[in-house]
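Source file: coords20.cif. Holds: mmCIF, C-alpha atoms.
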```
data_data
loop_
_atom_site.label_atom_id
_atom_site.label_comp_id
_atom_site.auth_asym_id
_atom_site.auth_seq_id
_atom_site.Cartn_x
_atom_site.Cartn_y
_atom_site.Cartn_z
CA MET Q 7 20.99 28.68 -0.71
CA ASP Q 8 19.00 28.76 2.53
CA VAL Q 9 17.08 25.53 3.07
CA MET Q 10 14.84 24.57 5.96
CA PRO Q 11 16.18 21.57 7.95
CA LYS Q 12 14.75 18.32 6.66
CA TRP Q 13 13.63 17.19 10.10
CA VAL Q 14 11.44 20.29 10.34
CA ASP Q 15 9.69 19.45 7.08
CA ILE Q 16 9.22 15.80 8.07
CA ILE Q 17 8.23 16.21 11.74
CA VAL Q 18 7.44 19.78 12.76
CA VAL Q 19 5.28 20.79 9.77
CA PRO Q 20 2.85 17.82 10.06
CA LEU Q 21 2.66 18.17 13.85
CA PHE Q 22 1.98 21.91 13.63
CA SER Q 23 -0.69 21.29 10.97
CA LEU Q 24 -2.26 18.71 13.25
CA PHE Q 25 -2.16 21.19 16.15
CA LEU Q 26 -4.00 23.83 14.11
CA ALA Q 27 -6.65 21.31 13.08
CA ALA Q 28 -7.07 20.21 16.71
CA ALA Q 29 -7.35 23.82 17.92
CA LEU Q 30 -10.05 24.67 15.39
CA SER Q 31 -11.87 21.41 16.17
CA ALA Q 32 -11.82 22.31 19.87
CA LEU Q 33 -13.46 25.65 19.10
CA LEU Q 34 -16.20 23.90 17.13
CA ILE Q 35 -16.85 21.49 20.01
CA LEU Q 36 -17.00 24.41 22.46
CA ALA Q 37 -19.47 26.19 20.17
CA ILE Q 38 -22.03 23.39 20.61
CA GLY Q 39 -21.61 23.31 24.39
CA GLU Q 40 -19.39 20.26 24.74
CA SER Q 41 -15.96 19.99 26.36
CA PRO Q 42 -13.07 19.40 23.94
CA ILE Q 43 -10.94 17.98 26.78
CA ALA Q 44 -13.64 15.47 27.65
CA ALA Q 45 -14.05 14.59 23.97
CA LEU Q 46 -10.31 13.99 23.58
CA ASN Q 47 -10.22 11.87 26.73
CA LEU Q 48 -13.10 9.79 25.43
CA MET Q 49 -11.38 9.28 22.08
CA ILE Q 50 -8.17 8.19 23.79
CA GLU Q 51 -9.87 5.96 26.33
CA GLY Q 52 -12.20 4.31 23.82
CA THR Q 53 -9.48 3.74 21.23
CA LEU Q 54 -6.22 3.19 23.09
CA PHE Q 55 -7.31 1.79 26.45
CA ARG Q 56 -9.54 -0.99 25.15
CA SER Q 57 -8.30 -3.87 23.02
CA ALA Q 58 -11.46 -3.70 20.91
CA GLY Q 59 -10.70 -0.04 20.21
CA TRP Q 60 -7.20 -1.01 19.08
CA GLY Q 61 -8.74 -3.68 16.86
CA TYR Q 62 -10.98 -1.21 15.07
CA MET Q 63 -8.22 1.38 14.82
CA LEU Q 64 -5.83 -1.12 13.23
CA TYR Q 65 -8.59 -2.27 10.87
CA TYR Q 66 -8.96 1.29 9.54
CA THR Q 67 -5.19 1.74 9.62
CA THR Q 68 -4.72 -1.26 7.34
CA ASN Q 69 -6.96 0.33 4.69
CA PHE Q 70 -5.16 3.66 4.95
CA ILE Q 71 -1.71 2.07 4.70
CA PHE Q 72 -2.57 0.45 1.37
CA THR Q 73 -4.18 3.55 -0.13
CA GLY Q 74 -1.55 5.89 1.32
CA LEU Q 75 1.27 3.82 -0.16
CA ALA Q 76 -0.58 3.75 -3.48
CA VAL Q 77 -0.85 7.53 -3.63
CA SER Q 78 2.79 7.87 -2.50
CA VAL Q 79 4.16 5.72 -5.32
CA ALA Q 80 2.23 7.81 -7.85
CA PHE Q 81 3.41 11.03 -6.17
CA HIS Q 82 7.04 9.99 -6.62
CA ALA Q 83 6.41 9.89 -10.38
CA ALA Q 84 4.64 13.29 -10.24
CA LEU Q 85 1.29 11.58 -10.78
CA PHE Q 86 -1.84 12.31 -8.74
CA ASN Q 87 -3.74 9.05 -8.44
CA ILE Q 88 -7.14 10.14 -7.19
CA GLY Q 89 -8.73 6.90 -8.37
CA GLY Q 90 -7.97 4.80 -5.31
CA GLU Q 91 -11.66 4.25 -4.58
CA GLY Q 92 -12.31 2.72 -7.98
CA GLN Q 93 -9.13 0.64 -7.95
CA ALA Q 94 -10.06 -0.74 -4.51
CA MET Q 95 -13.56 -1.59 -5.77
CA ILE Q 96 -12.20 -3.53 -8.71
CA GLY Q 97 -9.64 -5.13 -6.40
CA GLY Q 98 -12.54 -6.29 -4.24
CA LEU Q 99 -14.09 -7.87 -7.32
CA GLY Q 100 -10.83 -9.74 -7.88
CA VAL Q 101 -10.84 -10.96 -4.27
CA ALA Q 102 -14.44 -12.16 -4.60
CA LEU Q 103 -13.84 -14.07 -7.82
CA VAL Q 104 -10.73 -15.76 -6.39
CA CYS Q 105 -12.44 -16.72 -3.12
CA LEU Q 106 -15.73 -17.86 -4.64
CA PHE Q 107 -14.61 -19.80 -7.68
CA ILE Q 108 -11.30 -21.37 -6.61
CA PRO Q 109 -11.49 -24.10 -3.94
CA TRP Q 110 -8.90 -23.21 -1.33
CA PRO Q 111 -7.92 -25.81 1.27
CA HIS Q 112 -6.67 -23.25 3.82
CA TRP Q 113 -6.71 -19.51 4.44
CA THR Q 114 -2.91 -19.30 4.13
CA LEU Q 115 -3.23 -20.23 0.47
CA ALA Q 116 -6.43 -18.24 -0.03
CA ILE Q 117 -4.83 -15.01 1.15
CA VAL Q 118 -2.00 -15.44 -1.36
CA GLY Q 119 -4.48 -16.03 -4.18
CA ALA Q 120 -6.69 -13.16 -3.04
CA SER Q 121 -3.68 -10.83 -2.82
CA ILE Q 122 -2.69 -11.70 -6.37
CA GLY Q 123 -6.27 -11.29 -7.60
CA ALA Q 124 -6.75 -7.96 -5.83
CA ALA Q 125 -3.40 -6.60 -7.03
CA LEU Q 126 -3.97 -7.78 -10.61
CA PHE Q 127 -7.46 -6.30 -10.89
CA GLY Q 128 -6.40 -3.00 -9.28
CA MET Q 129 -3.33 -2.90 -11.51
CA ILE Q 130 -5.37 -3.35 -14.69
CA TRP Q 131 -7.89 -0.71 -13.62
CA ALA Q 132 -5.13 1.82 -12.89
CA GLY Q 133 -3.34 0.88 -16.12
CA LEU Q 134 -6.18 2.21 -18.26
CA PRO Q 135 -5.92 5.90 -17.17
CA ALA Q 136 -2.13 5.47 -17.06
CA TYR Q 137 -2.16 4.54 -20.74
CA LEU Q 138 -4.38 7.52 -21.54
CA GLN Q 139 -1.94 9.81 -19.69
CA ALA Q 140 1.23 8.31 -21.15
CA LYS Q 141 0.08 7.85 -24.75
CA ARG Q 142 -2.76 10.34 -25.27
CA GLY Q 143 -1.93 13.11 -22.82
CA SER Q 144 -5.21 12.81 -20.89
CA HIS Q 145 -4.84 14.33 -17.44
CA ILE Q 146 -4.46 11.61 -14.83
CA VAL Q 147 -6.64 13.43 -12.27
CA ILE Q 148 -9.60 13.71 -14.64
CA THR Q 149 -9.39 10.14 -15.91
CA THR Q 150 -8.95 8.55 -12.48
CA ILE Q 151 -11.94 10.49 -11.11
CA MET Q 152 -14.03 9.27 -14.05
CA PHE Q 153 -12.83 5.71 -13.52
CA ASN Q 154 -14.04 5.85 -9.90
CA PHE Q 155 -17.61 6.23 -11.16
CA ILE Q 156 -17.14 3.60 -13.83
CA ALA Q 157 -15.79 1.18 -11.21
CA ALA Q 158 -18.85 1.82 -9.02
CA GLY Q 159 -21.07 0.91 -11.98
CA VAL Q 160 -19.05 -2.22 -12.75
CA LEU Q 161 -19.21 -3.35 -9.11
CA ASN Q 162 -22.95 -2.70 -8.98
CA PHE Q 163 -23.48 -4.75 -12.15
CA PHE Q 164 -21.56 -7.74 -10.83
CA LEU Q 165 -23.28 -7.64 -7.44
CA VAL Q 166 -26.80 -7.30 -8.83
CA ASP Q 167 -26.63 -9.41 -11.99
CA VAL Q 168 -23.76 -11.87 -11.59
CA LEU Q 169 -22.65 -12.64 -8.02
CA LYS Q 170 -25.87 -12.14 -6.03
CA PRO Q 171 -27.29 -15.50 -4.85
CA ALA Q 172 -30.62 -16.53 -6.33
CA GLY Q 173 -33.56 -15.25 -4.31
CA SER Q 174 -31.48 -12.72 -2.36
CA MET Q 175 -32.57 -9.08 -2.25
CA ASP Q 176 -29.24 -7.89 -0.85
CA PRO Q 177 -26.83 -6.54 -3.52
CA ALA Q 178 -23.93 -8.63 -2.28
CA SER Q 179 -22.14 -11.80 -3.25
CA ALA Q 180 -22.54 -15.12 -1.49
CA ASN Q 181 -20.49 -15.63 1.67
CA PHE Q 182 -16.98 -16.86 0.99
CA PRO Q 183 -16.16 -20.47 1.97
CA ALA Q 184 -14.94 -20.92 5.53
CA SER Q 185 -11.51 -22.00 4.28
CA THR Q 186 -10.91 -18.47 2.95
CA HIS Q 187 -11.81 -16.64 6.18
CA LEU Q 188 -8.85 -14.77 7.66
CA PRO Q 189 -7.92 -15.05 11.35
CA THR Q 190 -8.79 -11.92 13.28
CA PHE Q 191 -6.68 -10.45 16.06
CA GLN Q 192 -9.26 -11.90 18.46
CA ASP Q 193 -8.55 -15.38 17.07
CA ILE Q 194 -4.81 -14.86 17.40
CA ALA Q 195 -5.13 -13.51 20.95
CA GLY Q 196 -7.28 -16.51 21.89
CA ILE Q 197 -4.55 -18.90 20.78
CA ILE Q 198 -2.07 -17.35 23.23
CA GLY Q 199 -4.57 -17.26 26.10
CA PHE Q 200 -6.18 -13.82 25.81
CA GLU Q 201 -9.68 -14.86 24.78
CA LYS Q 202 -11.28 -11.53 25.69
CA ALA Q 203 -8.80 -9.35 23.77
CA PHE Q 204 -9.91 -7.57 20.57
CA ARG Q 205 -13.47 -8.79 21.13
CA SER Q 206 -15.61 -8.39 17.96
CA ALA Q 207 -12.96 -6.14 16.35
CA PRO Q 208 -12.46 -6.67 12.59
CA ALA Q 209 -8.65 -6.29 12.54
CA ASN Q 210 -7.11 -9.34 10.91
CA VAL Q 211 -3.86 -10.74 9.51
CA SER Q 212 -4.03 -8.47 6.45
CA PHE Q 213 -2.50 -5.82 8.75
CA PHE Q 214 0.79 -7.70 8.54
CA ILE Q 215 0.55 -7.72 4.75
CA ALA Q 216 0.15 -3.93 4.93
CA LEU Q 217 3.30 -3.70 7.04
CA PHE Q 218 5.15 -5.84 4.51
CA ALA Q 219 3.85 -3.54 1.75
CA CYS Q 220 5.47 -0.60 3.59
CA LEU Q 221 8.81 -2.39 3.60
CA ALA Q 222 8.49 -3.49 -0.04
CA THR Q 223 7.54 0.04 -1.15
CA TRP Q 224 10.53 1.53 0.67
CA TYR Q 225 12.85 -0.99 -0.98
CA LEU Q 226 11.32 -0.38 -4.41
CA ILE Q 227 11.49 3.42 -4.30
CA TRP Q 228 14.88 3.89 -2.60
CA ARG Q 229 16.86 0.72 -3.31
CA THR Q 230 16.10 -0.31 -6.90
CA PRO Q 231 16.93 1.15 -10.34
CA LEU Q 232 13.21 1.26 -11.12
CA GLY Q 233 12.57 3.33 -8.00
CA TYR Q 234 15.35 5.69 -9.01
CA GLU Q 235 13.75 6.16 -12.44
CA ILE Q 236 10.36 6.81 -10.84
CA ARG Q 237 11.83 9.48 -8.56
CA ALA Q 238 13.89 10.97 -11.37
CA LEU Q 239 10.84 11.37 -13.58
CA GLY Q 240 8.92 12.91 -10.70
CA LYS Q 241 11.66 15.41 -9.87
CA SER Q 242 12.35 16.55 -13.43
CA GLY Q 243 10.78 15.04 -16.53
CA PRO Q 244 13.14 16.70 -19.04
CA ALA Q 245 16.25 15.71 -17.08
CA ALA Q 246 15.00 12.15 -16.69
CA ARG Q 247 14.31 11.87 -20.42
CA TYR Q 248 17.78 13.28 -21.18
CA ALA Q 249 19.25 10.58 -18.91
CA GLY Q 250 17.45 7.85 -20.83
CA VAL Q 251 14.36 7.31 -18.68
CA ARG Q 252 11.34 6.38 -20.79
CA PRO Q 253 8.36 8.37 -19.45
CA VAL Q 254 5.68 6.14 -20.98
CA LYS Q 255 7.14 3.07 -19.32
CA ILE Q 256 7.58 4.73 -15.91
CA ILE Q 257 4.10 6.30 -15.92
CA MET Q 258 2.55 2.93 -16.73
CA ILE Q 259 4.58 1.04 -14.12
CA ALA Q 260 4.12 3.62 -11.34
CA MET Q 261 0.37 3.82 -11.84
CA MET Q 262 -0.02 0.06 -12.08
CA ILE Q 263 1.92 -0.43 -8.84
CA SER Q 264 -0.27 2.25 -7.28
CA GLY Q 265 -3.41 0.49 -8.50
CA ALA Q 266 -2.17 -2.87 -7.20
CA LEU Q 267 -1.68 -1.42 -3.72
CA CYS Q 268 -5.17 0.14 -3.75
CA GLY Q 269 -6.66 -3.14 -4.91
CA MET Q 270 -4.99 -5.01 -2.05
CA MET Q 271 -6.97 -2.94 0.43
CA ALA Q 272 -9.88 -5.27 -0.39
CA ILE Q 273 -8.10 -8.17 1.32
CA ASN Q 274 -8.81 -6.43 4.62
CA THR Q 275 -12.37 -5.29 3.95
CA THR Q 276 -13.74 -8.00 1.66
CA GLN Q 277 -11.93 -11.18 2.62
CA GLY Q 278 -11.07 -10.21 6.18
CA GLU Q 279 -14.05 -8.27 7.53
CA SER Q 280 -17.26 -8.85 5.55
CA GLU Q 281 -16.20 -12.22 4.09
CA ARG Q 282 -18.22 -11.42 0.99
CA LEU Q 283 -18.30 -8.64 -1.61
CA ILE Q 284 -20.65 -5.78 -0.74
CA LEU Q 285 -21.37 -2.29 -2.00
CA ASN Q 286 -19.50 0.70 -0.55
CA PHE Q 287 -16.92 -1.44 1.21
CA THR Q 288 -14.20 1.12 0.50
CA GLU Q 289 -15.79 3.69 2.87
CA GLY Q 290 -13.80 6.57 1.40
CA ALA Q 291 -10.41 5.00 2.14
CA GLY Q 292 -9.18 5.80 -1.37
CA PHE Q 293 -9.57 9.51 -0.73
CA ILE Q 294 -8.20 9.35 2.83
CA GLY Q 295 -5.08 7.78 1.29
CA ILE Q 296 -4.33 11.12 -0.37
CA ALA Q 297 -4.19 12.89 3.00
CA VAL Q 298 -2.18 10.00 4.48
CA ALA Q 299 0.40 10.25 1.69
CA LEU Q 300 0.62 14.04 2.02
CA MET Q 301 0.99 13.95 5.79
CA GLY Q 302 3.47 11.07 5.59
CA ARG Q 303 5.57 12.94 3.01
CA SER Q 304 5.22 9.95 0.63
CA HIS Q 305 7.58 7.88 2.77
CA PRO Q 306 6.42 4.43 3.97
CA VAL Q 307 7.29 5.20 7.60
CA GLY Q 308 5.41 8.48 7.43
CA VAL Q 309 2.49 6.75 5.71
CA LEU Q 310 2.34 4.16 8.49
CA LEU Q 311 2.28 6.83 11.20
CA ALA Q 312 -0.28 8.95 9.33
CA ALA Q 313 -2.46 5.87 8.75
CA LEU Q 314 -2.37 5.16 12.49
CA LEU Q 315 -3.45 8.74 13.16
CA PHE Q 316 -6.40 8.55 10.77
CA GLY Q 317 -7.31 5.13 12.15
CA PHE Q 318 -7.40 6.74 15.60
CA LEU Q 319 -9.57 9.57 14.29
CA TYR Q 320 -12.03 7.17 12.67
CA GLN Q 321 -12.41 4.99 15.75
CA GLY Q 322 -12.33 7.99 18.09
CA GLY Q 323 -15.05 9.62 16.00
CA ALA Q 324 -17.19 6.51 16.42
CA GLU Q 325 -16.71 6.73 20.19
CA LEU Q 326 -17.81 10.38 20.20
CA ALA Q 327 -20.88 9.60 18.12
CA LEU Q 328 -21.83 6.80 20.51
CA TRP Q 329 -21.21 8.40 23.90
CA THR Q 330 -21.62 12.18 23.44
CA LYS Q 331 -24.13 14.62 21.99
CA ILE Q 332 -21.63 15.70 19.34
CA PRO Q 333 -23.48 15.12 16.04
CA ARG Q 334 -22.01 12.72 13.53
CA GLU Q 335 -21.80 15.53 10.98
CA LEU Q 336 -19.49 17.53 13.25
CA ILE Q 337 -17.25 14.50 13.69
CA VAL Q 338 -16.93 14.32 9.90
CA VAL Q 339 -16.07 18.04 9.90
CA ILE Q 340 -13.32 17.44 12.49
CA GLN Q 341 -11.85 14.66 10.36
CA ALA Q 342 -12.08 16.94 7.33
CA LEU Q 343 -10.18 19.68 9.17
CA VAL Q 344 -7.31 17.30 9.84
CA ILE Q 345 -7.26 16.38 6.15
CA LEU Q 346 -7.45 20.05 5.17
CA PHE Q 347 -4.56 21.24 7.34
CA THR Q 348 -2.29 18.23 6.82
CA GLY Q 349 -3.01 18.03 3.11
CA ALA Q 350 -4.36 20.98 1.17
CA LEU Q 351 -3.03 23.68 3.53
CA SER Q 352 0.32 22.09 4.35
CA LEU Q 353 2.15 24.64 2.19
CA MET Q 354 0.43 27.47 4.06
CA VAL Q 355 1.77 26.04 7.32
CA ARG Q 356 5.18 25.26 5.84
CA ALA Q 357 5.96 28.79 4.60
CA PRO Q 358 6.07 30.63 7.98
CA LEU Q 359 7.90 27.74 9.63
CA GLU Q 360 10.44 27.77 6.80
CA ARG Q 361 11.05 31.50 7.26
CA PHE Q 362 11.37 31.04 11.02
CA PHE Q 363 13.95 28.24 10.91
CA ILE Q 364 15.93 29.86 8.08
CA SER Q 365 16.13 33.08 10.14
CA ILE Q 366 17.52 31.03 13.04
CA GLN Q 367 20.15 29.49 10.74
CA ARG Q 368 21.18 32.93 9.49
CA ALA Q 369 21.46 34.25 13.03
CA ARG Q 370 23.92 31.49 13.90
CA VAL Q 371 26.20 32.31 10.98
#
```
Rewritten as structure tokens:
Amino acid sequence: MDVMPKWVDIIVVPLFSLFLAAALSALLILAIGESPIAALNLMIEGTLFRSAGWGYMLYYTTNFIFTGLAVSVAFHAALFNIGGEGQAMIGGLGVALVCLFIPWPHWTLAIVGASIGAALFGMIWAGLPAYLQAKRGSHIVITTIMFNFIAAGVLNFFLVDVLKPAGSMDPASANFPASTHLPTFQDIAGIIGFEKAFRSAPANVSFFIALFACLATWYLIWRTPLGYEIRALGKSGPAARYAGVRPVKIIMIAMMISGALCGMMAINTTQGESERLILNFTEGAGFIGIAVALMGRSHPVGVLLAALLFGFLYQGGAELALWTKIPRELIVVIQALVILFTGALSLMVRAPLERFFISIQRARV
């Protein structure tokens, strides 16, 4: 059977999809009278040639790593977890409760407690639609979308009626104690003598937790019996059941791991950046995680690289909005094109490339 080389599927297809998105974006920029070359140079200079730009890019990247890994774990079990936004919101609630109501002597202990709280709350929230899928047959896409809206209502209730300080008009919790504040990259750079590096950038030590999550996810999926069962169920449900895999158990576990990873995104945004719980702190990262997982082919290394790309696009888009006449709406369209070509239209790109490389293989025979 003719099969396209694996390296083409992993490397060439995403890069070609990205090229198509960039080409169409360039045409849109030309249509409004701006130079796409100048826009690209500004994105690169503002993001990669300034330490503050790196700090913002890595801040966004941290969010996308967590949500991309979450979607990837669910993908391996043939589940489409589209509820990352809601799971991150509930994870943020877990972070806030842990940081506000437990006296932590030092941030090194607080980040452990916050990680456990975020993962536990996100896990429970993802476990509810997982149970409905596994036991009642409710479609996971429908239930997770619904739970996003329910999570937004739950978060709003806690911020307005429970956690908001007396006399405050801002729907946000009180500021977390100073002992729970995470060191930023600027703080770390200052310790080693680079006081001006990463100035005012929100990137913090939760980035290293995200990197550890990549390693842990790789080990789970490819080096453990549980990971084998998850992949087996995702590849062929009937074959997995015949081999003794229990679908209810695997669906529940895969979705709860996915929810835990989404919840842990709140360590970066809630404990690390805002240092309090606020509305809309997820900023769409739960949905971006879907594109990150698709572009990264559900592999932790691919997810890391895709998260870096989307972090670059987010920070580069901010640079364009600040220094050019390109409207913010067009920047959102450009980001959407990248998501469209690397995610929804990846099969459209894959098909002609597959035919091309298979024809080359046949010609060599």
(request) Go through Q:Val254, Q:Leu267, Q:Ala140, Q:Ile194 one by one, measure the shortest atom-to-atom distance of each to Leu126 (chain Q) using all atoms listed in the file, and give the residue with the smallest value. (result) Q:Leu267
(request) Identify all residues satisfying the PyMOL selection byres ((chain Q and resi 102) around 10) in the given file; provide them as a ChimeraX atom specification. (result) /Q:96-101,103-108,120,123-124,169,179-182,272-273,276-277,281-284
(request) Name the residues, using the chain letters and numbers of the file, that sit within 12 Å of (-3.9, -21.2, 1.9) when counting all atoms listed in the file, and give them as a list in words. (result) Cys105, Ile108, Pro109, Trp110, Pro111, His112, Trp113, Thr114, Leu115, Ala116, Ile117, Val118, Gly119, Ala120, Ser121, Ala184, Ser185, Thr186, His187, Leu188 and Pro189 of chain Q
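Neighbours of region 298-309 of chain Q closer than or equal to 8 Å, with all atoms listed in the file counted and sequence neighbours fewer than 5 positions away skipped, come out as Ile16, Pro20, Phe70, Ile71, Gly74, Leu75, Val77, Ser78, Val79, Phe81, His82, Cys220, Leu221, Thr223, Trp224, Phe316, Thr348 and Gly349 of chain Q.
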(request) Do a neighbour search on Phe318 (chain Q) at 9 Å with all atoms listed in the file, toss out local chain neighbours closer than 3 positions, and write the hits as a ChimeraX atom specification. (result) /Q:49-50,53-54,59-60,62-64,66-67,313-315,321-323
(request) Could you expand the PyMOL selection byres ((chain Q and resi 210) around 9) into the explicit residues it covers here, written as a count of residues only? (result) 20
(request) Check the smallest atom-to-atom distance from each of Q:Met95, Q:Val18, Q:Ala157, Q:Ala136 to Cys268 (chain Q) using all atoms listed in the file, then report the winner. (result)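 Residue with the minimum atom-to-atom distance to Cys268 (chain Q): Q:Met95.
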(request) Decode the PyMOL selection byres ((chain Q and resi 266) around 8) for the given file into explicit residues and return them as a ChimeraX atom specification. (result) /Q:76,93,97,124-129,132,262-265,267-270
Quick one: write out the picked residues with C-alpha atoms as a PDB file, in the coordinates of the input?
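Below is the file selection18.pdb, written as the result:
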```
ATOM      1  CA  ALA Q  76      -0.580   3.750  -3.480  1.00  0.00           C
ATOM      2  CA  GLN Q  93      -9.130   0.640  -7.950  1.00  0.00           C
ATOM      3  CA  GLY Q  97      -9.640  -5.130  -6.400  1.00  0.00           C
ATOM      4  CA  ALA Q 124      -6.750  -7.960  -5.830  1.00  0.00           C
ATOM      5  CA  ALA Q 125      -3.400  -6.600  -7.030  1.00  0.00           C
ATOM      6  CA  LEU Q 126      -3.970  -7.780 -10.610  1.00  0.00           C
ATOM      7  CA  PHE Q 127      -7.460  -6.300 -10.890  1.00  0.00           C
ATOM      8  CA  GLY Q 128      -6.400  -3.000  -9.280  1.00  0.00           C
ATOM      9  CA  MET Q 129      -3.330  -2.900 -11.510  1.00  0.00           C
ATOM     10  CA  ALA Q 132      -5.130   1.820 -12.890  1.00  0.00           C
ATOM     11  CA  MET Q 262      -0.020   0.060 -12.080  1.00  0.00           C
ATOM     12  CA  ILE Q 263       1.920  -0.430  -8.840  1.00  0.00           C
ATOM     13  CA  SER Q 264      -0.270   2.250  -7.280  1.00  0.00           C
ATOM     14  CA  GLY Q 265      -3.410   0.490  -8.500  1.00  0.00           C
ATOM     15  CA  LEU Q 267      -1.680  -1.420  -3.720  1.00  0.00           C
ATOM     16  CA  CYS Q 268      -5.170   0.140  -3.750  1.00  0.00           C
ATOM     17  CA  GLY Q 269      -6.660  -3.140  -4.910  1.00  0.00           C
ATOM     18  CA  MET Q 270      -4.990  -5.010  -2.050  1.00  0.00           C
TER      19      MET Q 270
END
```
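When all atoms listed in the file are used to measure the gap to Arg237 (chain Q), the shortest distance among Q:Ala32, Q:Val9, Q:Val251, Q:Gly90 belongs to Q:Val251.
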(message) Between CA of Gly240 (chain Q) and CA of Ala80 (chain Q), what distance in Å does the model show, to one decimal?
(response)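 Taking CA of Gly240 (chain Q) as the start and CA of Ala80 (chain Q) as the end point, the length is 8.9 Å.
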(request) Identify, on the basis of only C-alpha atoms, every residue whose closest approach to Val338 (chain Q) does not exceed 12 Å; exclude the query and any residue fewer than 6 positions from it along the same chain; express the result as an MDAnalysis selection string. (result) chainID Q and resid 31 290 319:324 326:327 332 344:345
(request) Between Q:Phe22, Q:Gly233, Q:Phe163, Q:Ser57, single out the one closest to Glu201 (chain Q), counting only C-alpha atoms. (result)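 Ranking Q:Phe22, Q:Gly233, Q:Phe163, Q:Ser57 by distance to Glu201 (chain Q), first place goes to Q:Ser57.
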(request) May I ask which of the residues Q:Trp228, Q:Phe55, Q:Tyr137, Q:Phe153 is the closest one to Ala203 (chain Q), counting only C-alpha atoms? (result)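 Once distances to Ala203 (chain Q) are computed over only C-alpha atoms, the minimum belongs to Q:Phe55.
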(request) Using only C-alpha atoms, find all polymer residues with an atom at most 12 Å away from the point (12.4, 20.3, 7.0); report them as a PyMOL selection string. (result) chain Q and resi 8-20+303+356-357+359-364
(message) Let me make sure I understand: among Q:Gly173, Q:Pro183, Q:Leu161, Q:Gly133, which one has the smallest atom-to-atom distance to Ile259 (chain Q) if we use only C-alpha atoms?
(response) Q:Gly133
(request) Give me, please, the distance in Å between CA of Thr275 (chain Q) and CA of Phe287 (chain Q), quoted to one decimal. (result) 6.6 Å
(message) Between CA of Ile197 (chain Q) and CA of Ala58 (chain Q), what distance in Å does the model show, to one decimal?
(response)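 Interatomic distance here is 16.7 Å.
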(request) Skip region 44-48 of chain Q itself and residues of its chain fewer than 2 positions away, then list as a list in words all residues within 8 Å of it, counting only C-alpha atoms. (result) Glu40, Ser41, Pro42, Ile50, Glu51, Gly52, Gly322, Glu325, Leu326 and Thr330 of chain Q
Please rebuild region 43-52 of chain Q with N, CA, C and O atoms and give the result as a PDB file, keeping the file's coordinate frame.
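Wrote rebuild.pdb, looks like this:
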```
ATOM      1  N   ILE Q  43     -11.816  18.837  25.966  1.00  0.00           N
ATOM      2  CA  ILE Q  43     -10.940  17.980  26.780  1.00  0.00           C
ATOM      3  C   ILE Q  43     -11.619  16.645  27.053  1.00  0.00           C
ATOM      4  O   ILE Q  43     -11.004  15.570  26.922  1.00  0.00           O
ATOM      5  N   ALA Q  44     -12.903  16.703  27.403  1.00  0.00           N
ATOM      6  CA  ALA Q  44     -13.640  15.470  27.650  1.00  0.00           C
ATOM      7  C   ALA Q  44     -13.754  14.635  26.383  1.00  0.00           C
ATOM      8  O   ALA Q  44     -13.662  13.400  26.422  1.00  0.00           O
ATOM      9  N   ALA Q  45     -13.948  15.313  25.242  1.00  0.00           N
ATOM     10  CA  ALA Q  45     -14.050  14.590  23.970  1.00  0.00           C
ATOM     11  C   ALA Q  45     -12.747  13.895  23.634  1.00  0.00           C
ATOM     12  O   ALA Q  45     -12.735  12.728  23.207  1.00  0.00           O
ATOM     13  N   LEU Q  46     -11.616  14.594  23.852  1.00  0.00           N
ATOM     14  CA  LEU Q  46     -10.310  13.990  23.580  1.00  0.00           C
ATOM     15  C   LEU Q  46     -10.055  12.809  24.508  1.00  0.00           C
ATOM     16  O   LEU Q  46      -9.560  11.752  24.075  1.00  0.00           O
ATOM     17  N   ASN Q  47     -10.404  12.977  25.783  1.00  0.00           N
ATOM     18  CA  ASN Q  47     -10.220  11.870  26.730  1.00  0.00           C
ATOM     19  C   ASN Q  47     -11.035  10.657  26.330  1.00  0.00           C
ATOM     20  O   ASN Q  47     -10.568   9.508  26.441  1.00  0.00           O
ATOM     21  N   LEU Q  48     -12.249  10.895  25.853  1.00  0.00           N
ATOM     22  CA  LEU Q  48     -13.100   9.790  25.430  1.00  0.00           C
ATOM     23  C   LEU Q  48     -12.522   9.087  24.208  1.00  0.00           C
ATOM     24  O   LEU Q  48     -12.533   7.846  24.130  1.00  0.00           O
ATOM     25  N   MET Q  49     -11.998   9.875  23.261  1.00  0.00           N
ATOM     26  CA  MET Q  49     -11.380   9.280  22.080  1.00  0.00           C
ATOM     27  C   MET Q  49     -10.182   8.420  22.460  1.00  0.00           C
ATOM     28  O   MET Q  49     -10.020   7.298  21.958  1.00  0.00           O
ATOM     29  N   ILE Q  50      -9.365   8.936  23.374  1.00  0.00           N
ATOM     30  CA  ILE Q  50      -8.170   8.190  23.790  1.00  0.00           C
ATOM     31  C   ILE Q  50      -8.550   6.944  24.568  1.00  0.00           C
ATOM     32  O   ILE Q  50      -8.029   5.847  24.317  1.00  0.00           O
ATOM     33  N   GLU Q  51      -9.481   7.101  25.507  1.00  0.00           N
ATOM     34  CA  GLU Q  51      -9.870   5.960  26.330  1.00  0.00           C
ATOM     35  C   GLU Q  51     -10.551   4.883  25.492  1.00  0.00           C
ATOM     36  O   GLU Q  51     -10.251   3.693  25.627  1.00  0.00           O
ATOM     37  N   GLY Q  52     -11.453   5.289  24.603  1.00  0.00           N
ATOM     38  CA  GLY Q  52     -12.200   4.310  23.820  1.00  0.00           C
ATOM     39  C   GLY Q  52     -11.359   3.627  22.759  1.00  0.00           C
ATOM     40  O   GLY Q  52     -11.650   2.494  22.366  1.00  0.00           O
TER      41      GLY Q  52
END
```
